[in-house]
$ cat final25.cif   # mmCIF, C-alpha atoms
data_work
loop_
_atom_site.group_PDB
_atom_site.id
_atom_site.type_symbol
_atom_site.label_atom_id
_atom_site.label_comp_id
_atom_site.auth_asym_id
_atom_site.auth_seq_id
_atom_site.Cartn_x
_atom_site.Cartn_y
_atom_site.Cartn_z
ATOM 1 C CA MET Y 1 0.000 0.000 0.000
ATOM 2 C CA SER Y 2 1.390 3.434 -0.937
ATOM 3 C CA LYS Y 3 1.792 6.299 1.514
ATOM 4 C CA ARG Y 4 -1.208 7.944 -0.089
ATOM 5 C CA ASP Y 5 -3.294 4.828 0.559
ATOM 6 C CA VAL Y 6 -2.185 4.715 4.201
ATOM 7 C CA SER Y 7 -2.997 8.356 4.821
ATOM 8 C CA ILE Y 8 -6.436 7.984 3.341
ATOM 9 C CA GLY Y 9 -7.162 4.923 5.456
ATOM 10 C CA TYR Y 10 -6.060 6.687 8.634
ATOM 11 C CA ALA Y 11 -8.183 9.736 7.957
ATOM 12 C CA LEU Y 12 -11.248 7.613 7.365
ATOM 13 C CA ARG Y 13 -10.736 5.583 10.523
ATOM 14 C CA SER Y 14 -10.902 8.774 12.544
ATOM 15 C CA GLN Y 15 -14.379 9.331 11.116
ATOM 16 C CA LEU Y 16 -15.764 5.899 11.992
ATOM 17 C CA SER Y 17 -16.621 6.668 15.613
ATOM 18 C CA ASP Y 18 -18.167 10.025 14.711
ATOM 19 C CA SER Y 19 -20.534 9.061 11.929
ATOM 20 C CA GLY Y 20 -21.348 5.374 12.259
ATOM 21 C CA LEU Y 21 -19.508 2.235 11.247
ATOM 22 C CA LEU Y 22 -21.447 1.009 8.230
ATOM 23 C CA VAL Y 23 -21.680 4.279 6.357
ATOM 24 C CA GLN Y 24 -18.073 5.217 6.895
ATOM 25 C CA THR Y 25 -16.810 1.741 6.060
ATOM 26 C CA ALA Y 26 -18.447 2.146 2.691
ATOM 27 C CA THR Y 27 -16.687 5.482 2.269
ATOM 28 C CA PHE Y 28 -13.385 3.928 3.249
ATOM 29 C CA PHE Y 29 -13.494 1.206 0.631
ATOM 30 C CA CYS Y 30 -14.656 3.553 -2.078
ATOM 31 C CA LEU Y 31 -11.922 6.100 -1.463
ATOM 32 C CA ASN Y 32 -9.235 3.519 -0.862
ATOM 33 C CA ILE Y 33 -9.928 1.657 -4.091
ATOM 34 C CA LYS Y 34 -10.617 4.526 -6.415
ATOM 35 C CA TYR Y 35 -6.940 4.835 -7.236
ATOM 36 C CA ARG Y 36 -6.813 1.267 -8.545
ATOM 37 C CA ALA Y 37 -9.846 0.543 -10.694
ATOM 38 C CA ILE Y 38 -13.139 2.192 -11.666
ATOM 39 C CA VAL Y 39 -15.228 -1.012 -11.975
ATOM 40 C CA PRO Y 40 -14.361 -2.416 -8.502
ATOM 41 C CA LEU Y 41 -15.030 1.044 -7.145
ATOM 42 C CA LEU Y 42 -18.634 1.128 -8.372
ATOM 43 C CA PHE Y 43 -19.307 -2.480 -7.381
ATOM 44 C CA ILE Y 44 -17.988 -2.155 -3.841
ATOM 45 C CA CYS Y 45 -19.594 1.230 -3.286
ATOM 46 C CA ILE Y 46 -23.028 -0.108 -4.257
ATOM 47 C CA LEU Y 47 -22.637 -3.145 -1.996
ATOM 48 C CA SER Y 48 -21.334 -1.111 0.923
ATOM 49 C CA VAL Y 49 -24.077 1.508 0.792
ATOM 50 C CA GLY Y 50 -26.678 -1.237 0.448
ATOM 51 C CA CYS Y 51 -25.452 -2.803 3.689
ATOM 52 C CA ALA Y 52 -25.865 0.391 5.680
ATOM 53 C CA GLU Y 53 -28.460 0.226 8.439
ATOM 54 C CA LYS Y 54 -31.847 1.645 7.455
ATOM 55 C CA ARG Y 55 -34.603 3.064 9.603
ATOM 56 C CA THR Y 56 -38.124 1.801 9.232
ATOM 57 C CA TYR Y 57 -40.928 4.355 9.195
ATOM 58 C CA SER Y 58 -44.624 4.736 9.793
ATOM 59 C CA GLN Y 59 -46.599 7.392 7.991
ATOM 60 C CA THR Y 60 -49.249 7.502 10.735
ATOM 61 C CA LEU Y 61 -49.466 7.417 14.529
ATOM 62 C CA GLU Y 62 -52.090 4.689 14.557
ATOM 63 C CA ARG Y 63 -51.447 2.199 17.338
ATOM 64 C CA LYS Y 64 -51.413 -0.848 15.075
ATOM 65 C CA ALA Y 65 -48.939 0.753 12.670
ATOM 66 C CA LEU Y 66 -46.541 1.699 15.462
ATOM 67 C CA MET Y 67 -46.789 -1.707 17.139
ATOM 68 C CA SER Y 68 -46.051 -3.438 13.827
ATOM 69 C CA LEU Y 69 -43.046 -1.184 13.350
ATOM 70 C CA ILE Y 70 -41.567 -2.295 16.686
ATOM 71 C CA PHE Y 71 -42.651 -5.915 17.034
ATOM 72 C CA GLY Y 72 -43.813 -7.035 13.595
ATOM 73 C CA ALA Y 73 -47.298 -7.542 12.193
ATOM 74 C CA ASP Y 74 -47.852 -10.686 14.318
ATOM 75 C CA TYR Y 75 -47.553 -8.846 17.662
ATOM 76 C CA GLU Y 76 -51.170 -9.687 18.598
ATOM 77 C CA SER Y 77 -50.661 -13.446 18.398
ATOM 78 C CA GLU Y 78 -46.954 -14.124 18.907
ATOM 79 C CA PRO Y 79 -45.082 -13.545 22.199
ATOM 80 C CA LYS Y 80 -42.286 -10.998 21.964
ATOM 81 C CA ALA Y 81 -39.047 -10.696 23.941
ATOM 82 C CA LEU Y 82 -39.184 -7.805 26.400
ATOM 83 C CA ASP Y 83 -36.661 -6.333 28.826
ATOM 84 C CA PHE Y 84 -37.977 -6.125 32.409
ATOM 85 C CA SER Y 85 -34.561 -5.891 34.064
ATOM 86 C CA ASN Y 86 -35.159 -2.424 35.559
ATOM 87 C CA LEU Y 87 -38.335 -3.396 37.444
ATOM 88 C CA ASP Y 88 -38.186 -3.457 41.229
ATOM 89 C CA ASN Y 89 -39.781 -6.890 41.337
ATOM 90 C CA PRO Y 90 -37.926 -10.038 42.475
ATOM 91 C CA GLN Y 91 -39.596 -12.137 39.795
ATOM 92 C CA PHE Y 92 -38.488 -9.963 36.891
ATOM 93 C CA LYS Y 93 -35.539 -7.915 38.141
ATOM 94 C CA ASN Y 94 -32.445 -8.283 35.918
ATOM 95 C CA LYS Y 95 -34.415 -10.306 33.358
ATOM 96 C CA SER Y 96 -34.056 -8.943 29.847
ATOM 97 C CA ASN Y 97 -35.713 -11.646 27.752
ATOM 98 C CA ILE Y 98 -39.295 -12.155 28.976
ATOM 99 C CA LYS Y 99 -41.475 -13.493 26.168
ATOM 100 C CA THR Y 100 -45.094 -12.412 26.336
ATOM 101 C CA THR Y 101 -47.821 -10.700 24.318
ATOM 102 C CA ILE Y 102 -48.104 -6.930 24.458
ATOM 103 C CA SER Y 103 -51.070 -4.580 23.945
ATOM 104 C CA PRO Y 104 -51.091 -0.916 22.871
ATOM 105 C CA GLU Y 105 -52.982 1.495 25.130
ATOM 106 C CA TYR Y 106 -52.475 5.129 24.074
ATOM 107 C CA VAL Y 107 -50.537 7.168 21.532
ATOM 108 C CA VAL Y 108 -49.717 10.626 22.881
ATOM 109 C CA LYS Y 109 -48.503 13.227 20.383
ATOM 110 C CA VAL Y 110 -46.288 15.399 22.565
ATOM 111 C CA ASP Y 111 -45.467 17.917 19.819
ATOM 112 C CA GLU Y 112 -45.031 17.992 16.043
ATOM 113 C CA GLN Y 113 -41.811 15.961 16.201
ATOM 114 C CA ASN Y 114 -42.364 13.608 19.155
ATOM 115 C CA ALA Y 115 -44.954 11.021 20.174
ATOM 116 C CA VAL Y 116 -45.115 8.256 22.789
ATOM 117 C CA LEU Y 117 -46.802 4.866 22.411
ATOM 118 C CA LEU Y 118 -47.948 3.495 25.790
ATOM 119 C CA THR Y 119 -48.418 -0.249 26.266
ATOM 120 C CA GLN Y 120 -49.567 -2.830 28.799
ATOM 121 C CA VAL Y 121 -48.293 -6.350 29.406
ATOM 122 C CA ASN Y 122 -49.569 -9.110 31.676
ATOM 123 C CA PRO Y 123 -46.395 -11.194 32.061
ATOM 124 C CA TYR Y 124 -48.079 -13.996 34.007
ATOM 125 C CA ASP Y 125 -49.573 -17.188 32.660
ATOM 126 C CA SER Y 126 -52.864 -16.551 34.464
ATOM 127 C CA ASP Y 127 -54.736 -13.694 36.158
ATOM 128 C CA CYS Y 128 -53.604 -14.503 39.682
ATOM 129 C CA HIS Y 129 -54.671 -12.325 42.587
ATOM 130 C CA MET Y 130 -51.292 -10.631 42.937
ATOM 131 C CA CYS Y 131 -50.570 -10.433 39.195
ATOM 132 C CA GLN Y 132 -49.742 -6.862 38.213
ATOM 133 C CA VAL Y 133 -49.549 -5.277 34.771
ATOM 134 C CA VAL Y 134 -46.334 -3.871 33.280
ATOM 135 C CA HIS Y 135 -46.537 -0.451 31.593
ATOM 136 C CA GLY Y 136 -44.128 0.358 28.749
ATOM 137 C CA ALA Y 137 -43.377 3.440 26.638
ATOM 138 C CA TYR Y 138 -41.912 3.836 23.150
ATOM 139 C CA GLN Y 139 -40.829 7.253 21.948
ATOM 140 C CA PHE Y 140 -41.172 8.081 18.249
ATOM 141 C CA GLN Y 141 -39.629 10.996 16.425
ATOM 142 C CA ARG Y 142 -40.447 12.374 12.990
ATOM 143 C CA ASP Y 143 -38.225 13.413 10.119
ATOM 144 C CA LYS Y 144 -39.044 14.093 6.467
ATOM 145 C CA LYS Y 145 -39.631 10.364 5.823
ATOM 146 C CA GLY Y 146 -42.099 9.756 8.653
ATOM 147 C CA TRP Y 147 -42.182 8.457 12.227
ATOM 148 C CA TYR Y 148 -39.414 6.170 13.523
ATOM 149 C CA LEU Y 149 -38.666 4.521 16.870
ATOM 150 C CA HIS Y 150 -36.245 6.630 18.910
ATOM 151 C CA THR Y 151 -36.329 5.196 22.453
ATOM 152 C CA ARG Y 152 -37.636 1.868 23.710
ATOM 153 C CA GLN Y 153 -38.719 1.245 27.324
ATOM 154 C CA ASP Y 154 -40.406 -2.134 27.705
ATOM 155 C CA ALA Y 155 -41.061 -1.626 31.420
ATOM 156 C CA ILE Y 156 -41.496 1.560 33.445
ATOM 157 C CA VAL Y 157 -43.696 0.454 36.342
ATOM 158 C CA MET Y 158 -46.064 -2.319 37.495
ATOM 159 C CA THR Y 159 -49.577 -1.611 38.828
ATOM 160 C CA GLY Y 160 -52.893 -3.283 39.664
ATOM 161 C CA GLU Y 161 -53.956 -6.807 40.557
ATOM 162 C CA ASN Y 162 -55.672 -9.818 38.956
ATOM 163 C CA GLY Y 163 -53.992 -9.026 35.635
ATOM 164 C CA LEU Y 164 -55.675 -5.595 35.495
ATOM 165 C CA SER Y 165 -53.728 -2.335 35.594
ATOM 166 C CA GLY Y 166 -56.377 -0.111 37.185
ATOM 167 C CA ASP Y 167 -57.996 2.972 35.655
ATOM 168 C CA THR Y 168 -55.736 4.850 33.238
ATOM 169 C CA SER Y 169 -56.030 8.296 31.660
ATOM 170 C CA VAL Y 170 -53.814 10.836 29.895
ATOM 171 C CA HIS Y 171 -53.658 14.491 30.998
ATOM 172 C CA LYS Y 172 -51.987 17.549 29.514
ATOM 173 C CA LEU Y 173 -49.794 19.353 32.037
ATOM 174 C CA SER Y 174 -48.512 22.148 29.789
ATOM 175 C CA ASP Y 175 -47.304 22.613 26.209
ATOM 176 C CA GLY Y 176 -45.191 19.593 25.315
ATOM 177 C CA ARG Y 177 -45.800 17.843 28.653
ATOM 178 C CA PHE Y 178 -48.347 15.148 29.486
ATOM 179 C CA ALA Y 179 -48.930 12.567 32.228
ATOM 180 C CA LEU Y 180 -50.288 9.047 32.183
ATOM 181 C CA ALA Y 181 -52.314 8.605 35.389
ATOM 182 C CA ILE Y 182 -52.856 5.086 36.772
ATOM 183 C CA ASP Y 183 -55.371 4.740 39.613
ATOM 184 C CA SER Y 184 -54.952 1.180 40.871
ATOM 185 C CA GLY Y 185 -56.206 -0.782 43.856
ATOM 186 C CA TYR Y 186 -55.720 -3.960 45.828
ATOM 187 C CA CYS Y 187 -57.998 -5.971 48.128
ATOM 188 C CA GLY Y 188 -56.912 -8.905 50.220
ATOM 189 C CA GLN Y 189 -58.347 -10.499 53.391
ATOM 190 C CA GLY Y 190 -60.740 -7.612 53.898
ATOM 191 C CA LEU Y 191 -58.138 -4.851 53.514
ATOM 192 C CA CYS Y 192 -58.492 -2.575 50.471
ATOM 193 C CA THR Y 193 -56.022 0.075 49.339
ATOM 194 C CA ARG Y 194 -55.640 2.426 46.377
ATOM 195 C CA ALA Y 195 -52.630 4.192 44.895
ATOM 196 C CA LEU Y 196 -51.943 6.773 42.183
ATOM 197 C CA THR Y 197 -49.023 6.481 39.764
ATOM 198 C CA LEU Y 198 -47.997 9.151 37.252
ATOM 199 C CA VAL Y 199 -45.744 8.694 34.207
ATOM 200 C CA HIS Y 200 -44.270 11.892 32.747
ATOM 201 C CA LEU Y 201 -44.364 12.237 28.936
ATOM 202 C CA SER Y 202 -42.371 14.847 26.998
ATOM 203 C CA SER Y 203 -39.996 15.264 24.060
ATOM 204 C CA SER Y 204 -37.379 13.555 26.263
ATOM 205 C CA GLY Y 205 -39.510 10.396 26.420
ATOM 206 C CA ALA Y 206 -41.244 8.789 29.410
ATOM 207 C CA SER Y 207 -40.214 8.620 33.072
ATOM 208 C CA LEU Y 208 -41.801 7.733 36.401
ATOM 209 C CA MET Y 209 -43.118 10.934 37.989
ATOM 210 C CA LEU Y 210 -45.023 9.547 41.009
ATOM 211 C CA ASP Y 211 -44.769 5.956 42.207
ATOM 212 C CA HIS Y 212 -47.811 4.474 43.994
ATOM 213 C CA LEU Y 213 -48.933 7.424 46.097
ATOM 214 C CA PRO Y 214 -51.456 6.049 48.689
ATOM 215 C CA ILE Y 215 -54.904 7.577 48.094
ATOM 216 C CA GLY Y 216 -57.240 5.041 49.699
ATOM 217 C CA HIS Y 217 -57.425 2.689 52.678
ATOM 218 C CA ASP Y 218 -60.302 0.682 54.209
ATOM 219 C CA ASN Y 219 -59.595 -2.000 56.805
ATOM 220 C CA ASP Y 220 -63.129 -2.554 58.118
ATOM 221 C CA GLY Y 221 -63.517 -5.782 56.162
ATOM 222 C CA ALA Y 222 -60.468 -7.194 57.902
ATOM 223 C CA TRP Y 223 -61.045 -6.141 61.524
ATOM 224 C CA GLY Y 224 -64.507 -4.613 61.814
ATOM 225 C CA GLY Y 225 -63.225 -1.713 63.880
ATOM 226 C CA CYS Y 226 -65.176 0.932 61.977
ATOM 227 C CA SER Y 227 -68.417 -1.046 62.146
ATOM 228 C CA ALA Y 228 -67.980 -1.456 65.900
ATOM 229 C CA ILE Y 229 -67.617 2.313 66.296
ATOM 230 C CA ASP Y 230 -70.821 2.870 64.352
ATOM 231 C CA ASP Y 231 -72.721 1.120 67.145
ATOM 232 C CA ILE Y 232 -71.380 3.503 69.805
ATOM 233 C CA GLU Y 233 -73.227 6.744 70.464
ATOM 234 C CA ASP Y 234 -70.232 8.814 71.586
ATOM 235 C CA LYS Y 235 -67.666 8.200 68.875
ATOM 236 C CA THR Y 236 -65.028 10.667 70.112
ATOM 237 C CA TYR Y 237 -63.556 8.646 72.987
ATOM 238 C CA ILE Y 238 -64.200 4.923 72.823
ATOM 239 C CA GLU Y 239 -63.688 2.812 75.929
ATOM 240 C CA ASN Y 240 -61.887 -0.339 74.910
ATOM 241 C CA GLU Y 241 -60.612 -1.942 78.103
ATOM 242 C CA LYS Y 242 -60.621 -5.496 76.766
ATOM 243 C CA GLY Y 243 -59.180 -4.511 73.411
ATOM 244 C CA GLU Y 244 -62.063 -6.014 71.460
ATOM 245 C CA ILE Y 245 -62.342 -3.000 69.146
ATOM 246 C CA ARG Y 246 -59.588 -3.061 66.538
ATOM 247 C CA GLU Y 247 -58.116 -0.176 64.589
ATOM 248 C CA CYS Y 248 -60.466 1.682 62.244
ATOM 249 C CA ARG Y 249 -59.162 3.410 59.122
ATOM 250 C CA GLN Y 250 -61.446 4.435 56.270
ATOM 251 C CA ILE Y 251 -59.883 7.179 54.133
ATOM 252 C CA VAL Y 252 -60.595 8.093 50.521
ATOM 253 C CA GLY Y 253 -58.592 10.495 48.379
ATOM 254 C CA LYS Y 254 -60.201 12.181 45.370
ATOM 255 C CA TRP Y 255 -57.570 13.532 42.995
ATOM 256 C CA ARG Y 256 -57.420 15.779 39.952
ATOM 257 C CA LEU Y 257 -54.720 17.316 37.788
ATOM 258 C CA ASP Y 258 -54.842 21.074 37.368
ATOM 259 C CA LYS Y 259 -52.182 22.099 34.843
ATOM 260 C CA ASN Y 260 -48.888 21.595 36.685
ATOM 261 C CA GLN Y 261 -50.399 20.497 39.993
ATOM 262 C CA LEU Y 262 -51.888 17.362 41.511
ATOM 263 C CA LEU Y 263 -54.598 18.037 44.094
ATOM 264 C CA VAL Y 264 -55.816 15.252 46.399
ATOM 265 C CA ASP Y 265 -58.759 15.839 48.768
ATOM 266 C CA PHE Y 266 -58.784 13.276 51.578
ATOM 267 C CA SER Y 267 -61.811 12.490 53.719
ATOM 268 C CA GLY Y 268 -62.732 9.734 56.156
ATOM 269 C CA ARG Y 269 -61.897 8.635 59.680
ATOM 270 C CA GLU Y 270 -59.405 6.731 61.754
ATOM 271 C CA THR Y 271 -58.769 5.755 65.357
ATOM 272 C CA ASN Y 272 -55.628 6.008 67.438
ATOM 273 C CA ASP Y 273 -54.967 4.364 70.786
ATOM 274 C CA ARG Y 274 -54.383 6.809 73.695
ATOM 275 C CA PRO Y 275 -52.936 4.999 75.587
ATOM 276 C CA ILE Y 276 -52.730 1.817 73.544
ATOM 277 C CA GLY Y 277 -55.473 -0.689 74.209
ATOM 278 C CA TRP Y 278 -58.053 0.874 76.498
ATOM 279 C CA ARG Y 279 -59.213 4.097 74.816
ATOM 280 C CA LYS Y 280 -59.424 5.000 71.166
ATOM 281 C CA ILE Y 281 -59.644 8.538 69.815
ATOM 282 C CA HIS Y 282 -61.891 8.706 66.793
ATOM 283 C CA THR Y 283 -60.640 11.332 64.322
ATOM 284 C CA ARG Y 284 -62.384 12.722 61.275
ATOM 285 C CA ILE Y 285 -60.168 13.308 58.249
ATOM 286 C CA LYS Y 286 -60.687 16.193 55.841
ATOM 287 C CA GLN Y 287 -57.688 17.786 54.213
ATOM 288 C CA ARG Y 288 -56.104 18.658 50.864
ATOM 289 C CA VAL Y 289 -52.604 17.791 49.706
ATOM 290 C CA VAL Y 290 -50.982 19.549 46.736
ATOM 291 C CA TYR Y 291 -48.099 18.241 44.655
ATOM 292 C CA SER Y 292 -46.180 20.312 42.107
ATOM 293 C CA LEU Y 293 -45.738 18.693 38.680
ATOM 294 C CA ALA Y 294 -43.581 21.475 37.249
ATOM 295 C CA SER Y 295 -40.661 19.079 36.693
ATOM 296 C CA ASP Y 296 -40.490 15.406 35.774
ATOM 297 C CA LYS Y 297 -40.805 14.451 39.479
ATOM 298 C CA ALA Y 298 -43.811 15.219 41.699
ATOM 299 C CA GLU Y 299 -43.049 17.319 44.776
ATOM 300 C CA ARG Y 300 -45.376 17.922 47.728
ATOM 301 C CA ILE Y 301 -45.820 21.657 48.315
ATOM 302 C CA ALA Y 302 -48.822 21.822 50.684
ATOM 303 C CA GLY Y 303 -50.586 19.556 53.184
ATOM 304 C CA VAL Y 304 -49.721 16.106 54.496
ATOM 305 C CA ASN Y 305 -50.979 12.818 53.097
ATOM 306 C CA PRO Y 306 -52.773 11.079 56.017
ATOM 307 C CA LEU Y 307 -51.939 7.669 54.568
ATOM 308 C CA SER Y 308 -48.224 8.151 54.097
ATOM 309 C CA LYS Y 309 -47.416 11.333 56.069
ATOM 310 C CA GLN Y 310 -45.744 12.620 52.894
#

$ encode --input "final25.cif" --output "structure tokens"
Amino acid sequence: MSKRDVSIGYALRSQLSDSGLLVQTATFFCLNIKYRAIVPLLFICILSVGCAEKRTYSQTLERKALMSLIFGADYESEPKALDFSNLDNPQFKNKSNIKTTISPEYVVKVDEQNAVLLTQVNPYDSDCHMCQVVHGAYQFQRDKKGWYLHTRQDAIVMTGENGLSGDTSVHKLSDGRFALAIDSGYCGQGLCTRALTLVHLSSSGASLMLDHLPIGHDNDGAWGGCSAIDDIEDKTYIENEKGEIRECRQIVGKWRLDKNQLLVDFSGRETNDRPIGWRKIHTRIKQRVVYSLASDKAERIAGVNPLSKQ
């Protein structure tokens, strides 16, 4: 190889890491060979350019079109390999090849150049009582050829029970910012709870904004403490010398999103032992808690959540 050939090869190698291997490899061969023969030049250039990686595009934001772009047209019937390694769940943590079927839920157009496809997955073989649903997000960006997959997140959070995610809805926070709200619940052995989860959506993709904020609790089915109080005329101080009346906690939180704020109005009642065992103080709950959603993480700015003290 001549000195001119060596210098050309060196210069091109410095471009490989900047512009992408396949495209620059094609350039390398074309420039390196052009001093030797015209016919091999054309042949190798055509082959090299043809091997370059190509994006696949969708001309619409229809859910089926986007799902087919990611997983293939058989996504409804054939299990696909998904990465659940980031989930805080012992069964799926660090597992990056879970094969299961996946369903589209929403497509949120964040702005003219960005959109997010939201999905749900039930990774269990059956709808067991503790079986939660996995929520995923796939960010698409648009160029002059159409919409293409930019960022893939198979698993952001798990919610719900019995193979059901809970109630979901999408809310606009401000220009270019949205939130997926997931209101999910759980009941077991007479104890029922509810929690609110928010996923932030923007041109940067999707991220967990609020993770299972407690917004509901009812333990009367488990212990009957609230029902026992209902039979007592004076419900402020409850004599309980033998300890037969158990703890009562019935609290409901009604939430709404108002632009860049989450407002939760709590109401209900609970008892506290003073001292423990022989007298219960029956307290009515009525208070509002406000969380700021100005950034990609929710922050409490007013009030105290009676179920989590946060």

$ resolve_selection --input "final25.cif" --expression "the PyMOL selection byres ((chain Y and resi 203) around 8)" --output "ChimeraX atom specification"
/Y:110-111,114-115,176-177,201-202,204-205

$ atom_distance --input "final25.cif" --atom1 "CA of Ile229 (chain Y)" --atom2 "CA of Asn305 (chain Y)"
23.7 Å

$ atom_distance --input "final25.cif" --atom1 "CA of Gln120 (chain Y)" --atom2 "CA of Pro90 (chain Y)"
19.4 Å

$ atom_distance --input "final25.cif" --atom1 "CA of Glu76 (chain Y)" --atom2 "CA of Lys64 (chain Y)"
9.5 Å

$ resolve_selection --input "final25.cif" --expression "the PyMOL selection byres ((chain Y and resi 141) around 6)" --output "PDB file with C-alpha atoms, keeping the file's coordinate frame"
ATOM      1  CA  GLN Y 113     -41.811  15.961  16.201  1.00  0.00           C
ATOM      2  CA  ASN Y 114     -42.364  13.608  19.155  1.00  0.00           C
ATOM      3  CA  PHE Y 140     -41.172   8.081  18.249  1.00  0.00           C
ATOM      4  CA  ARG Y 142     -40.447  12.374  12.990  1.00  0.00           C
ATOM      5  CA  TRP Y 147     -42.182   8.457  12.227  1.00  0.00           C
ATOM      6  CA  TYR Y 148     -39.414   6.170  13.523  1.00  0.00           C
TER       7      TYR Y 148
END
